[in-house]
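entry.cif follows; it contains mmCIF, C-alpha atoms.
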```
data_model
loop_
_atom_site.group_PDB
_atom_site.id
_atom_site.type_symbol
_atom_site.label_atom_id
_atom_site.label_comp_id
_atom_site.auth_asym_id
_atom_site.auth_seq_id
_atom_site.Cartn_x
_atom_site.Cartn_y
_atom_site.Cartn_z
ATOM 1 C CA MET A 1065 85.761 86.476 95.503
ATOM 2 C CA THR A 1066 82.222 87.826 95.713
ATOM 3 C CA LEU A 1067 81.312 90.960 97.649
ATOM 4 C CA THR A 1068 79.453 88.845 100.235
ATOM 5 C CA VAL A 1069 82.526 86.727 100.936
ATOM 6 C CA PHE A 1070 84.727 89.837 100.966
ATOM 7 C CA LEU A 1071 82.596 91.617 103.589
ATOM 8 C CA ALA A 1072 82.224 88.451 105.665
ATOM 9 C CA VAL A 1073 85.997 87.977 105.819
ATOM 10 C CA LEU A 1074 86.461 91.636 106.821
ATOM 11 C CA ALA A 1075 83.989 91.110 109.685
ATOM 12 C CA ALA A 1076 85.906 87.996 110.715
ATOM 13 C CA ALA A 1077 89.134 90.011 110.672
ATOM 14 C CA PHE A 1078 87.681 92.580 113.074
ATOM 15 C CA LEU A 1079 86.476 89.835 115.422
ATOM 16 C CA HIS A 1080 89.892 88.194 115.343
ATOM 17 C CA ALA A 1081 91.721 91.382 116.295
ATOM 18 C CA GLY A 1082 89.142 91.972 119.018
ATOM 19 C CA TRP A 1083 89.617 88.632 120.754
ATOM 20 C CA ASN A 1084 93.398 89.011 120.608
ATOM 21 C CA ALA A 1085 93.036 92.380 122.337
ATOM 22 C CA LEU A 1086 90.970 90.740 125.081
ATOM 23 C CA ILE A 1087 93.720 88.148 125.616
ATOM 24 C CA LYS A 1088 96.348 90.899 125.722
ATOM 25 C CA ALA A 1089 94.338 92.858 128.307
ATOM 26 C CA GLY A 1090 94.353 89.996 130.824
ATOM 27 C CA PRO A 1091 97.091 89.644 133.473
ATOM 28 C CA SER A 1092 97.913 86.055 132.463
ATOM 29 C CA LYS A 1093 97.925 85.421 128.733
ATOM 30 C CA GLN A 1094 98.202 81.644 129.141
ATOM 31 C CA THR A 1095 95.270 81.506 131.585
ATOM 32 C CA ALA A 1096 93.211 83.672 129.233
ATOM 33 C CA MET A 1097 94.060 81.289 126.407
ATOM 34 C CA PHE A 1098 92.910 78.327 128.533
ATOM 35 C CA VAL A 1099 89.560 80.027 129.198
ATOM 36 C CA LEU A 1100 89.314 80.829 125.479
ATOM 37 C CA THR A 1101 89.805 77.188 124.488
ATOM 38 C CA THR A 1102 87.293 76.065 127.105
ATOM 39 C CA GLY A 1103 84.752 78.445 125.614
ATOM 40 C CA HIS A 1104 85.648 77.139 122.164
ATOM 41 C CA ALA A 1105 84.898 73.597 123.310
ATOM 42 C CA ALA A 1106 81.511 74.562 124.772
ATOM 43 C CA ILE A 1107 80.437 76.393 121.611
ATOM 44 C CA GLY A 1108 81.890 73.635 119.453
ATOM 45 C CA LEU A 1109 79.923 70.933 121.261
ATOM 46 C CA ALA A 1110 76.702 72.925 120.840
ATOM 47 C CA VAL A 1111 77.372 73.340 117.116
ATOM 48 C CA ALA A 1112 78.463 69.719 116.638
ATOM 49 C CA ALA A 1113 75.279 68.472 118.315
ATOM 50 C CA LEU A 1114 73.264 69.988 115.482
ATOM 51 C CA HIS A 1115 75.178 68.138 112.769
ATOM 52 C CA PRO A 1116 76.040 64.526 111.933
ATOM 53 C CA LEU A 1117 79.443 63.147 112.881
ATOM 54 C CA PRO A 1118 82.156 64.005 110.346
ATOM 55 C CA ALA A 1119 82.911 61.320 107.771
ATOM 56 C CA PRO A 1120 85.985 59.133 108.421
ATOM 57 C CA GLN A 1121 88.052 60.956 105.804
ATOM 58 C CA VAL A 1122 87.560 64.256 107.658
ATOM 59 C CA TRP A 1123 89.048 63.154 111.008
ATOM 60 C CA PRO A 1124 92.725 63.216 109.930
ATOM 61 C CA TRP A 1125 92.277 66.839 108.895
ATOM 62 C CA LEU A 1126 90.595 67.685 112.207
ATOM 63 C CA LEU A 1127 93.225 65.968 114.343
ATOM 64 C CA GLY A 1128 96.116 67.493 112.447
ATOM 65 C CA SER A 1129 94.596 70.954 112.611
ATOM 66 C CA ALA A 1130 93.844 70.668 116.334
ATOM 67 C CA LEU A 1131 97.510 69.965 117.021
ATOM 68 C CA ILE A 1132 98.565 72.931 114.892
ATOM 69 C CA HIS A 1133 96.028 75.191 116.654
ATOM 70 C CA THR A 1134 97.491 74.123 119.996
ATOM 71 C CA ALA A 1135 100.957 75.192 118.839
ATOM 72 C CA TYR A 1136 99.520 78.489 117.566
ATOM 73 C CA GLN A 1137 97.855 79.289 120.886
ATOM 74 C CA LEU A 1138 100.999 78.528 122.875
ATOM 75 C CA PHE A 1139 103.220 80.616 120.583
ATOM 76 C CA LEU A 1140 100.767 83.527 120.483
ATOM 77 C CA ALA A 1141 100.300 83.721 124.253
ATOM 78 C CA HIS A 1142 104.074 83.697 124.796
ATOM 79 C CA ALA A 1143 104.535 86.421 122.169
ATOM 80 C CA LEU A 1144 101.864 88.638 123.738
ATOM 81 C CA GLU A 1145 103.634 88.278 127.086
ATOM 82 C CA GLN A 1146 106.794 89.722 125.515
ATOM 83 C CA GLY A 1147 105.615 92.466 123.154
ATOM 84 C CA ASP A 1148 102.955 95.016 122.201
ATOM 85 C CA LEU A 1149 99.768 93.855 120.516
ATOM 86 C CA SER A 1150 100.433 96.354 117.715
ATOM 87 C CA ARG A 1151 103.828 94.749 117.050
ATOM 88 C CA VAL A 1152 103.266 91.052 117.814
ATOM 89 C CA TYR A 1153 99.993 90.706 115.957
ATOM 90 C CA PRO A 1154 101.148 92.050 112.568
ATOM 91 C CA ILE A 1155 104.225 89.812 112.565
ATOM 92 C CA ALA A 1156 102.311 86.733 113.714
ATOM 93 C CA ARG A 1157 99.431 87.185 111.300
ATOM 94 C CA GLY A 1158 101.021 88.895 108.328
ATOM 95 C CA THR A 1159 103.781 86.399 107.639
ATOM 96 C CA ALA A 1160 101.267 83.578 107.247
ATOM 97 C CA PRO A 1161 99.722 84.669 103.894
ATOM 98 C CA LEU A 1162 103.137 84.553 102.249
ATOM 99 C CA ILE A 1163 103.610 80.959 103.398
ATOM 100 C CA VAL A 1164 100.082 80.043 102.330
ATOM 101 C CA LEU A 1165 100.615 81.686 98.939
ATOM 102 C CA ALA A 1166 103.841 79.787 98.307
ATOM 103 C CA VAL A 1167 102.257 76.442 99.203
ATOM 104 C CA SER A 1168 99.082 77.206 97.250
ATOM 105 C CA LEU A 1169 100.969 78.108 94.086
ATOM 106 C CA ALA A 1170 103.188 75.047 94.395
ATOM 107 C CA LEU A 1171 100.757 72.346 95.519
ATOM 108 C CA LEU A 1172 97.085 73.332 95.351
ATOM 109 C CA PRO A 1173 94.718 73.500 92.370
ATOM 110 C CA ASP A 1174 93.574 77.009 93.346
ATOM 111 C CA ARG A 1175 94.508 79.588 90.724
ATOM 112 C CA VAL A 1176 95.496 82.991 92.095
ATOM 113 C CA ALA A 1177 95.486 86.047 89.819
ATOM 114 C CA PRO A 1178 98.764 87.989 89.378
ATOM 115 C CA LEU A 1179 97.259 91.091 91.010
ATOM 116 C CA SER A 1180 96.338 89.000 94.059
ATOM 117 C CA VAL A 1181 99.927 87.755 94.224
ATOM 118 C CA ALA A 1182 101.119 91.376 94.097
ATOM 119 C CA GLY A 1183 98.709 92.254 96.890
ATOM 120 C CA ILE A 1184 99.912 89.444 99.131
ATOM 121 C CA VAL A 1185 103.570 90.341 98.504
ATOM 122 C CA THR A 1186 102.803 94.011 99.316
ATOM 123 C CA LEU A 1187 101.170 92.889 102.518
ATOM 124 C CA GLY A 1188 104.298 90.874 103.304
ATOM 125 C CA ALA A 1189 106.470 93.964 102.778
ATOM 126 C CA GLY A 1190 104.413 95.761 105.394
ATOM 127 C CA ILE A 1191 105.037 92.932 107.832
ATOM 128 C CA ALA A 1192 108.776 93.000 107.172
ATOM 129 C CA ILE A 1193 108.854 96.714 107.970
ATOM 130 C CA MET A 1194 106.880 96.079 111.158
ATOM 131 C CA ALA A 1195 109.371 93.423 112.299
ATOM 132 C CA ARG A 1196 112.343 95.634 111.419
ATOM 133 C CA GLY A 1197 110.828 98.438 113.480
ATOM 134 C CA ALA A 1198 110.646 96.183 116.528
ATOM 135 C CA LEU A 1199 114.363 95.402 116.267
ATOM 136 C CA ARG A 1200 115.428 98.973 115.493
ATOM 137 C CA LEU A 1201 113.531 100.434 118.435
ATOM 138 C CA GLY A 1202 114.986 97.928 120.872
ATOM 139 C CA GLU A 1203 111.683 96.290 121.752
ATOM 140 C CA SER A 1204 111.824 92.812 123.242
ATOM 141 C CA ARG A 1205 113.449 90.547 120.680
ATOM 142 C CA ARG A 1206 112.310 87.514 122.631
ATOM 143 C CA MET A 1207 108.853 87.935 121.157
ATOM 144 C CA LEU A 1208 110.042 87.478 117.553
ATOM 145 C CA PRO A 1209 110.601 83.672 117.605
ATOM 146 C CA HIS A 1210 107.218 83.191 119.267
ATOM 147 C CA ALA A 1211 105.491 85.553 116.817
ATOM 148 C CA LEU A 1212 107.084 83.758 113.862
ATOM 149 C CA GLY A 1213 106.131 80.403 115.367
ATOM 150 C CA ALA A 1214 102.543 81.628 115.549
ATOM 151 C CA ALA A 1215 102.819 82.715 111.902
ATOM 152 C CA ALA A 1216 104.014 79.279 110.796
ATOM 153 C CA ALA A 1217 101.196 77.642 112.743
ATOM 154 C CA THR A 1218 98.683 80.062 111.194
ATOM 155 C CA ALA A 1219 99.828 79.088 107.724
ATOM 156 C CA GLY A 1220 99.624 75.412 108.667
ATOM 157 C CA TYR A 1221 96.102 75.485 110.010
ATOM 158 C CA THR A 1222 94.867 77.789 107.242
ATOM 159 C CA LEU A 1223 95.881 75.264 104.604
ATOM 160 C CA THR A 1224 94.746 72.272 106.667
ATOM 161 C CA ASP A 1225 91.335 73.715 107.474
ATOM 162 C CA GLY A 1226 90.719 75.111 104.013
ATOM 163 C CA LEU A 1227 91.244 71.658 102.539
ATOM 164 C CA GLY A 1228 89.609 69.807 105.439
ATOM 165 C CA ALA A 1229 86.452 71.914 105.256
ATOM 166 C CA ARG A 1230 86.219 71.191 101.530
ATOM 167 C CA VAL A 1231 86.474 67.470 102.225
ATOM 168 C CA SER A 1232 83.867 67.823 104.977
ATOM 169 C CA GLY A 1233 81.357 69.846 102.970
ATOM 170 C CA ALA A 1234 80.059 71.307 106.277
ATOM 171 C CA PRO A 1235 82.465 74.102 107.309
ATOM 172 C CA VAL A 1236 80.621 75.254 110.450
ATOM 173 C CA ALA A 1237 80.342 71.701 111.817
ATOM 174 C CA TYR A 1238 84.001 71.191 110.923
ATOM 175 C CA VAL A 1239 84.985 74.215 113.031
ATOM 176 C CA GLY A 1240 82.805 72.982 115.897
ATOM 177 C CA TRP A 1241 84.618 69.647 116.110
ATOM 178 C CA LEU A 1242 87.970 71.363 115.575
ATOM 179 C CA MET A 1243 87.491 73.615 118.597
ATOM 180 C CA VAL A 1244 86.544 70.667 120.800
ATOM 181 C CA LEU A 1245 89.667 68.758 119.794
ATOM 182 C CA SER A 1246 91.859 71.845 120.201
ATOM 183 C CA ALA A 1247 90.737 72.180 123.821
ATOM 184 C CA VAL A 1248 91.456 68.495 124.423
ATOM 185 C CA PHE A 1249 95.051 68.974 123.209
ATOM 186 C CA PHE A 1250 95.711 72.461 124.595
ATOM 187 C CA THR A 1251 94.696 71.864 128.220
ATOM 188 C CA PRO A 1252 97.243 69.135 129.070
ATOM 189 C CA ALA A 1253 99.896 71.007 127.073
ATOM 190 C CA ILE A 1254 99.494 74.241 129.036
ATOM 191 C CA VAL A 1255 99.333 72.393 132.379
ATOM 192 C CA ALA A 1256 102.556 70.558 131.538
ATOM 193 C CA LEU A 1257 104.273 73.848 130.680
ATOM 194 C CA LYS A 1258 102.865 76.164 133.364
ATOM 195 C CA GLY A 1259 101.432 73.969 136.110
ATOM 196 C CA ARG A 1260 97.879 73.680 137.402
ATOM 197 C CA GLY A 1261 97.882 77.276 138.609
ATOM 198 C CA VAL A 1262 97.349 78.409 135.026
ATOM 199 C CA LEU A 1263 93.827 76.932 135.168
ATOM 200 C CA ARG A 1264 92.706 79.214 138.006
ATOM 201 C CA THR A 1265 91.152 82.600 137.359
ATOM 202 C CA GLY A 1266 88.424 84.834 138.749
ATOM 203 C CA ARG A 1267 84.953 85.671 137.543
ATOM 204 C CA ARG A 1268 86.204 88.544 135.419
ATOM 205 C CA GLY A 1269 88.804 86.301 133.800
ATOM 206 C CA TRP A 1270 86.130 83.806 132.819
ATOM 207 C CA ALA A 1271 83.835 86.539 131.503
ATOM 208 C CA VAL A 1272 86.541 88.098 129.345
ATOM 209 C CA GLY A 1273 87.819 84.718 128.146
ATOM 210 C CA LEU A 1274 84.389 83.467 127.177
ATOM 211 C CA LEU A 1275 83.628 86.704 125.346
ATOM 212 C CA ALA A 1276 86.900 86.271 123.457
ATOM 213 C CA ALA A 1277 85.933 82.657 122.711
ATOM 214 C CA ALA A 1278 82.632 83.717 121.140
ATOM 215 C CA GLY A 1279 84.379 86.269 118.925
ATOM 216 C CA SER A 1280 87.123 83.811 118.015
ATOM 217 C CA PHE A 1281 84.716 81.019 117.103
ATOM 218 C CA GLY A 1282 82.605 83.322 114.947
ATOM 219 C CA ALA A 1283 85.663 84.752 113.209
ATOM 220 C CA TYR A 1284 87.082 81.363 112.339
ATOM 221 C CA ALA A 1285 83.798 79.810 111.272
ATOM 222 C CA ILE A 1286 83.369 82.660 108.790
ATOM 223 C CA ALA A 1287 86.937 82.268 107.529
ATOM 224 C CA VAL A 1288 86.659 78.505 107.009
ATOM 225 C CA TRP A 1289 83.320 78.934 105.247
ATOM 226 C CA ALA A 1290 84.913 81.567 102.988
ATOM 227 C CA MET A 1291 87.734 79.165 102.083
ATOM 228 C CA THR A 1292 85.138 76.823 100.626
ATOM 229 C CA ARG A 1293 83.904 79.672 98.397
ATOM 230 C CA ALA A 1294 87.147 81.343 97.280
ATOM 231 C CA PRO A 1295 90.868 80.518 96.868
ATOM 232 C CA ILE A 1296 92.468 79.697 100.228
ATOM 233 C CA ALA A 1297 95.446 82.010 99.660
ATOM 234 C CA LEU A 1298 93.148 84.936 98.844
ATOM 235 C CA VAL A 1299 90.936 84.429 101.905
ATOM 236 C CA GLY A 1300 94.019 83.971 104.096
ATOM 237 C CA ALA A 1301 95.466 87.265 102.903
ATOM 238 C CA LEU A 1302 92.234 89.245 103.203
ATOM 239 C CA ARG A 1303 91.696 87.866 106.695
ATOM 240 C CA GLU A 1304 94.899 89.566 107.743
ATOM 241 C CA THR A 1305 93.242 92.975 107.527
ATOM 242 C CA SER A 1306 92.820 92.143 111.203
ATOM 243 C CA ILE A 1307 96.380 93.476 111.465
ATOM 244 C CA LEU A 1308 95.173 97.015 110.828
ATOM 245 C CA PHE A 1309 92.415 96.622 113.413
ATOM 246 C CA ALA A 1310 94.936 95.281 115.949
ATOM 247 C CA VAL A 1311 97.345 98.181 115.359
ATOM 248 C CA LEU A 1312 94.526 100.676 115.921
ATOM 249 C CA ILE A 1313 93.313 98.866 119.045
ATOM 250 C CA GLY A 1314 96.850 98.754 120.451
ATOM 251 C CA TRP A 1315 97.270 102.476 119.830
ATOM 252 C CA LEU A 1316 93.846 103.669 121.008
ATOM 253 C CA ALA A 1317 93.010 101.176 123.772
ATOM 254 C CA PHE A 1318 96.432 100.276 125.200
ATOM 255 C CA GLY A 1319 98.310 103.506 124.512
ATOM 256 C CA GLU A 1320 100.987 101.743 122.477
ATOM 257 C CA ARG A 1321 103.412 103.871 120.487
ATOM 258 C CA MET A 1322 102.333 104.824 116.960
ATOM 259 C CA ASP A 1323 105.356 105.916 114.915
ATOM 260 C CA ARG A 1324 106.009 106.372 111.197
ATOM 261 C CA THR A 1325 107.251 102.799 110.840
ATOM 262 C CA LYS A 1326 103.986 101.356 112.105
ATOM 263 C CA ALA A 1327 101.975 103.812 110.012
ATOM 264 C CA LEU A 1328 103.910 102.908 106.851
ATOM 265 C CA ALA A 1329 103.559 99.207 107.546
ATOM 266 C CA ALA A 1330 99.825 99.590 108.115
ATOM 267 C CA ALA A 1331 99.495 101.552 104.842
ATOM 268 C CA LEU A 1332 101.257 98.774 102.922
ATOM 269 C CA ILE A 1333 98.990 96.203 104.520
ATOM 270 C CA VAL A 1334 95.885 98.110 103.466
ATOM 271 C CA THR A 1335 97.294 98.522 99.944
ATOM 272 C CA GLY A 1336 97.912 94.786 99.731
ATOM 273 C CA VAL A 1337 94.367 94.061 100.808
ATOM 274 C CA ILE A 1338 92.938 96.449 98.218
ATOM 275 C CA LEU A 1339 94.966 94.747 95.492
ATOM 276 C CA THR A 1340 93.655 91.330 96.492
ATOM 277 C CA ARG A 1341 90.093 92.659 96.358
ATOM 278 C CA LEU A 1342 90.517 94.301 92.945
ATOM 279 C CA ALA A 1343 92.084 91.249 91.354
ATOM 280 C CA PRO A 1344 89.864 88.849 89.425
ATOM 281 C CA THR A 1345 90.184 85.148 90.157
ATOM 282 C CA ALA A 1346 92.388 83.741 87.396
#
```

As structure tokens, how would this structure be written, given the file I've shared?
Amino acid sequence: MTLTVFLAVLAAAFLHAGWNALIKAGPSKQTAMFVLTTGHAAIGLAVAALHPLPAPQVWPWLLGSALIHTAYQLFLAHALEQGDLSRVYPIARGTAPLIVLAVSLALLPDRVAPLSVAGIVTLGAGIAIMARGALRLGESRRMLPHALGAAAATAGYTLTDGLGARVSGAPVAYVGWLMVLSAVFFTPAIVALKGRGVLRTGRRGWAVGLLAAAGSFGAYAIAVWAMTRAPIALVGALRETSILFAVLIGWLAFGERMDRTKALAAALIVTGVILTRLAPTA
């Protein structure tokens, strides 16, 4: 992974933590997620208009990923309703690199250096400690299945989009079409689950949601582009430095508890990221 890709993925990680914090700050997480996907669709259409239609072989990847993104958004919003950002986000995001690593080593041609594997496993240890802390401190256990569901969906769309963008050859256009399709699938899904009231929000809700959408689109476009330049498992792991940003935002902006368990978990996460950066591509 080159320094340019490394810094770009770090910037994407910060943007990702930022838009999650905006969703958490809203009174209705599901409504905020609807506004986010609407903003995604608007940006996606503008981006798609500047590029040719994807080739036929790209559409199965786009459709599959859009369905997985819909599941991710539903799981994440439910998890954020039940738990702290600084607890939900690390579990939801940090479990995914381990899944991606396992699939990459088993099925993909990408070669991942042993030090990168060690870094990803260290990162996973930090996530395990974070989850254990949630249970030990008696925080809402109802958030764990939703957070783990979001993690599984993250792993699924990371692999799907990394491969789909390679087939496409145009990662930014790929993300544009993906966001349009995700909105098409997410809107009826959230209405079926929550009713039409979930679609109503005020001016502030739209402003915050659209700001989150811009940050989210930029973060994911960078990540998908990076996966066409470096091993998918490595980009997926480095992207989860967003966990550290989310923990800090939860502590400083929302006044969430910062104890030794969270601090240790965050330190392991940072160590894992450093290991992935130091490792050469095998």

### Query
Using the chain letters and numbers from the file, which residues does the PyMOL selection byres ((chain A and resi 1185) around 10) grab, as a list in words?
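For this structure, the PyMOL selection byres ((chain A and resi 1185) around 10) resolves to Thr1159, Pro1161, Leu1162, Leu1165, Leu1179, Ser1180, Val1181, Ala1182, Gly1183, Ile1184, Thr1186, Leu1187, Gly1188, Ala1189, Gly1190, Ile1191, Ala1301, Leu1332, Ile1333 and Gly1336 of chain A.
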
### Task
Step by step, work through what the PyMOL selection byres ((chain A and resi 1138) around 9) selects in the shown file, and finish by giving those residues as an MDAnalysis selection string.
chainID A and resid 1094 1097 1133:1137 1139:1143 1210 1214 1250 1253:1254

### Task
Measure the distance from atom CA of A:Lys1093 to atom CA of A:Thr1325 in Å and round it to one decimal.
26.6 Å

### For A:Pro1124: contacts at 12 Å, all atoms listed in the file, fewer than 6 positions along chain excluded, given as number ranges by chain
A: 1118, 1130-1131, 1224-1225, 1227-1229, 1231-1232, 1238, 1242, 1245

### Message
Set the distance at 8 Å and use all atoms listed in the file: which residues neighbour stretch 1168-1172 of chain A once local chain neighbours fewer than 3 positions away are removed? I'd like the list as number ranges by chain.
### Response
A: 1164-1165, 1175-1176, 1296-1297

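Going from atom CA of A:Val1248 over to atom CA of A:Gly1082, you cover 24.2 Å.
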
Enclose the full set of atoms of stretch 1309-1316 of chain A listed in the file within a box whose edges lie along x, y and z, apply 4 Å of padding to each of the six sides, and report centre and edge lengths in Å to one decimal as JSON.
```
{"center_x": 94.9, "center_y": 99.5, "center_z": 117.2, "size_x": 12.9, "size_y": 16.4, "size_z": 15.6}
```

### Task
Using the chain letters and residue numbers of this document, give as a PyMOL selection string the residues selected by the PyMOL selection byres ((chain A and resi 1316-1323) around 9).
chain A and resi 1085+1089+1148-1150+1311-1315+1324-1328

### Query
Quick one: residues within 9 Å of A:Pro1154, all atoms listed in the file counted, chain neighbours fewer than 6 positions away excluded, as a list in words?
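What passes the distance filter is Gly1190, Ile1191, Met1194, Ala1195, Ala1211, Glu1304, Ser1306, Ile1307, Leu1308, Ala1310, Val1311 and Ala1330 of chain A.
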
### Query
Separation of atom CA of A:Thr1102 and atom CA of A:Leu1127, in Å?
17.3 Å

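Minimum atom-to-atom distances from A:Thr1305, A:Ser1246, A:Thr1066, A:Thr1265 to A:Leu1126 were compared using only C-alpha atoms, and the lowest value belongs to A:Ser1246.
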
### Task
Name the residues in contact with stretch 1068-1072 of chain A at a cut-off of 10 Å, using only C-alpha atoms, excluding same-chain residues fewer than 6 positions from it; report them as a list in words.
Ala1283, Ile1286, Ala1287, Trp1289, Ala1290, Met1291, Arg1293, Ala1294, Leu1298, Val1299, Leu1302, Arg1303 and Arg1341 of chain A

### Message
Which residue is closest to A:Arg1157? Choose from A:Gly1103, A:Gly1213, A:Gly1226, A:Gly1128 and count all atoms listed in the file.
### Response
A:Gly1213

#### Entry: Close residues, stretch 1257-1263 of chain A itself excluded, 9 Å, only C-alpha atoms, min 3 positions apart in chain, as a list of chain:residue names
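Everything that qualifies: A:Ser1092, A:Gln1094, A:Thr1095, A:Ala1096, A:Phe1098, A:Val1099, A:Thr1251, A:Pro1252, A:Ala1253, A:Ile1254.
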